[in-house]
Structure formats: structure tokens, C-alpha cells
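**Q** This is the structure I want to talk about, given as C-alpha cells.
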Amino acid sequence: MSARLMQGNEAIAEGALKAGVRFFGGYPITPSTEIAEGMAKLLPQVGGTFVQMEDEIASMGVVLGASLAGKKVLTASSGPGISLKQELIGYAAAAEIPVVIVNVQRVGPSTGQPTAPSQGDVMQARWGTHGDHSIIVLSPWSVREAFDIAVKAVNYAERFRTPVILLTDEIVGHLRENVELPAEVEVYPRRKPKISRAEGYEPYTPDEDLVPNVANFGEGYHIHVTGLIHDETGFPVGSPKITREAIKRMHEKISRAEDEIVEVHTEFMDDAKFAVVSFGGTARTVYESVLDARKRGIKIGFIRLVTIFPFADKIIRELSKNLRGLIVAELNYGQLVNEVERAVRGQCPVKLCAKYDMTIFEPEEISAAIDELVAEVSSIRNEELGIRNDDSAEVK
Amino acid sequence: MVERTYEKFFRQNRLPHLWCPGCGNGIAMKAIVQAIEKNPNFTQDNTIIVSGIGCSSRASGYMDFDTLHTAHGRAIPFATGIKLARPELNVIVITGDGDCTAIGGNHFIHGCRRNVDLTVVLFNNNIYGMTGGQASPMTPLGKKATTAPYGSVDRPFDACKLAEAAGATYVARSTAFHVQHLVKMIEDGLNNRGFSFIEALVQCPTAYGRRNKLGDPAKMMAWMRDNAVMKNVWDKQPDDKKIGDKFPIGLFYKAEAETYDAAYQHVKELAGGAAK
């Protein structure tokens, strides 16, 4: 396939389609609308269905219905719309319905700054809906990766029968790049029952990977699906034991595959004494700043979270062992930094480089944060060791 | 004696139901399966029952089809998704007055407008029963509820008028007392290609009747008998007779209009994906 100039949002639509998405329900909202517009055009070309619903709640409901009827499904929105979708994101988690929700982040809270980029929905992506639940959150940093992550998100939704949040931002969503898309991608097919009704099929009996093979509607299995806590039959049960087991399995089906799901893009970490953690559109600026700092002789590494949740605890903990300081750069008041601090467990200082003023990071801003960290750590270290100031070069 | 052939439509291992003694929901649920039984196009394998949250919506669990007990108010969007994804399936929605006209009100009017081929049966018990008797948008003026202890001052919806105005192509009402009529109204609704809406008035002796001193379940049903007026009679009556508790039942509206699912097929044809 030849290269095409396209937007991150368009690449998400293309990726989802390639992964087998055949149903989209949506509602207009900036800056995610191009995904809906793309799907409205592309889906009927491949026999799929696009529907614009009356609100974001209905957009979630309609895709969950379509998913239960056997279609791979996608919905997309931004801030206020994502808040409305939370109710049924929880339903999808509880009833184990595959669905991908794209959040093209803009400045919040509330209507906020509709056309300006932000990464302020990190913790909402993890905990936006009520109750204990598990979820997968992925974030691309380029148009090409937006395509790849859309494919991956659909595959994970199907494989783990879970909601997957594709957490992008206005930067990547509206970024235009020349990309070459693959003709074929690896696709995870819809899970199917392994035994018949006569053989005692129960829709929520977990398979070996703890994920149930829930039958599609209309295939003769007569299953019952509910948002109430249910046992393996799918019917509600008011038992402490069943409740405990259901919530535990919901978490474990994802946590046991964590090593596979958690993807972290690192560069220059072999000799790094410092590093910047970032994700999504912000990581593009960070990369520039890291390259620049390297040129200036600072041994700094680049850590980009592709998977935001499950959080890369093990990787961050391991990497931070050899570091003298970490910066978390995020386009918000400070969210991911708390996760990073938790994972680092005090092994090195963690500094927040936050921005929440509608504008994206300038490389100079990250560079300043890097220089500040290096200077701070050096002076602390020099004090500890009682070393002269001109030894600071050694720290780098 | 009439053979109880409709029993096959129930999940016997899920019965008895959780509804209170004397509740009208069982009558409405049975009316739905009796209507299904009369329609050879509706089988247990190709019919999906979708419900919201509340007393009415627990019906889906007792019915031996693929069944979906959704979130509060959201049954119609889920049902729309099923129907648009697999237009060959029959989709029936069971909802309540609070579920459909309060928290799900927007989905209800847009479902009507979109005219997706769904049949929606609203079990109207005039109250939020599951949560213990709070006023709903269909609680009559002056009637008491836990959240309207001095009598409701909140003007109620006429869900049938709402459905008609919003674009439903089949609108009817019946009651738990008029069982055969109710079955017929649902049966005709199932046959309508498009968004069909049937309001089934049901008695709630526990959360509504008791608080409003309406008597035992039999007395509440006798009230339905005494106050429901068939549409054709109602239309001929002068306005001074349409007073007090009197209300019309029957078929209120029927229209031919292309369903959304059929219309979207044209979109697929235009886009070149109809055969895919």
C-alpha cells in the first residue's frame, strides 16, 4: 500500500475497520468527530453499520447491544462525552462485553476548552466508572501507531471481553502524517462457546485464561446477560462468595496477562542516569528534548507508556533502580506522576513536569525540567558525598 | 382446559418470580409470550428480550430466549444495537414507567423517531416499585408516593401520546385486567414493521395501591375494568364523559413508515457494501 497523508483520528477509524469493527455508535464532539465521520463513510462500504445516537449514553448502549449480537464495535468521544459513557463502560466490564472506547482528550473539567489538547483524563480512564473493575488503556504517539493501537485495542477487547480505552489526545488525533498502512493485520476472532447447550453450556464459565466464551445473541444459546453480579450461568446471585469470585476474576483475567499487555517504549536507557516518562502526544516533544539533552552530554533516557493501564509497575520499578531521577511530563495538573511514584517506591526522586494551559509542551520546557532535575540531584549528591561542585559532570 | 403451551417460553428453573403477591407484571409478561406464541416468525432462538432496570425489567430473566437485563433506562439503545447489527432478529423491550419515561425518556423518544423495528412493552405500575414506592413521571396527580407524601404535584406523561408524537408507528394501551385485549395489542405490535409501543397498565398493590388505599389486587383490577374505555367508544364520547379516572385503551395510532434498519440497507447499497 502506498503512503497516505492522514490524521490520527482517521488512522484510528482505519485501524478499527482493519481489526474487524463493523459497528459504530457515536455522537458529535470535538476533537473526536473525525472518527465518527470516518466510520459513517467507511462502514457501509464493508457491510457494516454506523449510527448516530441521541447522546453519549445511547452511543455506548447501542454498541454494547451490537457487540452482544456478534459485531466488533467501536465508539469515540472526548471529555464530556466520555463522562457520560462511564455508566455503560461499567456495564461492559461487569457483563464482559467487548468494546473499544476512543477518548480524544481535550481540556476539562466540564466543557473546558473543547479544541485544545490535554491529557487530563488519565485517572478517569482507569477509574471513571463506579466500582471495582478492570480495564485496558492504550495510548498512541503517532498517526501510524494510532492505527496499530486501534487494531490492538479491538483485539484485546475481544480476547479479554473487556472495555478497552484508546486514550489519545487532540495532538495525535489531529496530527497529520504520511503513513503506510499494512494490508493485513493480525485479528483476534470473536470467542465462541466450546460446548453446546445440551452439554451444559454456561455463558460465564471462565476458560483457561479466565475469560468466558459468551455466546452471541441469536445463536440458540438462550443466554442471560445482566449488570448485576452473576454466577457462571449469567443469572444474578446475592452471595458473598460469588460476588468475591466475580470481582476477583474480572481483575485477574487481565492482571495475569499483564506482562503481555503492558507495552513500554524505551530508548537510551542502557546508560541512563535520568529519564523522562510520558505518553501520547506529549511524548513527541519529550523525545526531542531527550535527544537534545543527550547531545548536551546528559545521560537521560526516554520512557513512553504505550499501555497506560494496567500500569507498568514492574518495568518502571526495574528501570528506576538505576536512575538518579525521573521526570513525568504530562499535559495535566499531575495524574500519571502518582502512578509512577507508587511504582518507583522511593528508589529515585520523581519530579512532575505539568502543563494545563491549552498549549502543548515546547521542547525547551521539558529541557528546562531536565536541567533542573540534573542540577538538583547533583547538588544533593555532592552534598551527601561532600564532593566539590565541579564533579557534577560525573553525575551526568 | 386450555393447554399451557406458553410455559415453554419460561425458564422454569428461574421461577417463582420475585414480584409481590398480586403484582400485575406476571400478567403482562405472560401476555408477551402468548403474543409471541401466535407469531410463527418469532421463535425462542431468533427473539431477543431486552429490559432496563426496575420491577418490570426483571421479566427478562424468566423468559427462555436470549435475554438482556441492561442498565436503568438504557434498554432501547441496547435493543437498537442488536436490531441494527442483526436485522433478522426480533427484538422486544420490556420497560417500566420510571425506566422508560424518566431516566430513559430521551432514548424512548428517539427510538420512536428512528423507527427501528422494535416492540416496546411498558409495564406501567405508576410508581418506582423496586426502590419502594417513589413517584414516577407516570404517577397520577394527587397520588401519594414516598417522595410525594402529600400527593404528587408533578404532572404525568401520557406515554402513548408521547410515543405517537415522537414517531412510533404503532401505539396501543391495555391493562392487566383486559388480558386477551392486551395479548392482541402486543401481537399486533409484534406484527408491525417499525417501532411499536404498548403501554400495559399493571397493578402494584405493595408500593402504589397500599399507600393510596386502592384496596387489594383484585380491587385494583376492578378499577381497571371500571375505568378503561375502549378507544372506539372513547372517541364517540363527549368531553364531559372523559373525566375522573376514565382512560382509553386500544390501538391509538398505526402508520406505515420505513424502518431505520431498512433505510440503512439503502445506505449500504449506496456505499457499495450491501452484499458484504
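Ligands are numbered from 1 in the order shown, residues from 1 within each chain, and chains are lettered A, B, ... in the order they appear in the C-alpha cells.
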Going by DSSP on the backbone, which bits of range 90-162 of chain B are strand (DSSP E or B)? Write them as a VMD selection string, please.

**A** chain B and resid 90 to 96 119 to 124 128 134 145 148

**Q** Just want the 12 Å neighbourhood of Gly194 in chain B, counted on only C-alpha atoms, with same-chain residues fewer than 4 positions away dropped. Output as a ChimeraX atom specification.

**A** /B:80,83,87,90-92,111-120,167-171,188-190,254-263

**Q** Quick one: which residues from chain B are at most 9 Å off chain A, using only C-alpha atoms, as a PyMOL selection string?

**A** chain B and resi 14+44-48+60-61+64-71+74-86+89+106-107+110+264-265+267-276

**Q** From the set B:Tyr62, B:Phe157, B:Tyr128, B:Phe197, which residue has the shortest atom-to-atom contact distance to Arg173 in chain B, counting only C-alpha atoms?

**A** B:Phe197

**Q** With only C-alpha atoms as the counted atoms, please give the residues lying no more than 6 Å from range 129-133 of chain B, apart from itself and same-chain residues fewer than 4 positions off, as a PDB file with N, CA and C atoms, in the first residue's frame.

**A**
```
ATOM      1  N   GLY B  54     -35.623  -2.193  37.139  1.00  0.00           N
ATOM      2  CA  GLY B  54     -36.858  -1.970  37.882  1.00  0.00           C
ATOM      3  C   GLY B  54     -37.631  -3.274  37.961  1.00  0.00           C
ATOM      4  N   CYS B  55     -38.816  -3.234  38.590  1.00  0.00           N
ATOM      5  CA  CYS B  55     -39.610  -4.469  38.739  1.00  0.00           C
ATOM      6  C   CYS B  55     -39.904  -5.087  37.379  1.00  0.00           C
ATOM      7  N   ALA B 145     -46.834   8.966  47.087  1.00  0.00           N
ATOM      8  CA  ALA B 145     -45.646   8.138  46.918  1.00  0.00           C
ATOM      9  C   ALA B 145     -44.693   8.505  48.042  1.00  0.00           C
ATOM     10  N   THR B 146     -43.663   7.708  48.263  1.00  0.00           N
ATOM     11  CA  THR B 146     -42.752   8.034  49.375  1.00  0.00           C
ATOM     12  C   THR B 146     -42.088   9.389  49.147  1.00  0.00           C
ATOM     13  N   ALA B 207     -46.486  -1.058  46.548  1.00  0.00           N
ATOM     14  CA  ALA B 207     -45.853   0.261  46.657  1.00  0.00           C
ATOM     15  C   ALA B 207     -46.770   1.405  46.238  1.00  0.00           C
TER      16      ALA B 207
END
```

**Q** Name the closest residue to Tyr27 in chain A among the candidates A:Asn9, A:Gln52, A:Ser239, A:Thr285; distances are taken between atoms, counting only C-alpha atoms.

**A**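 For Tyr27 in chain A, the nearest of the given residues is A:Gln52.
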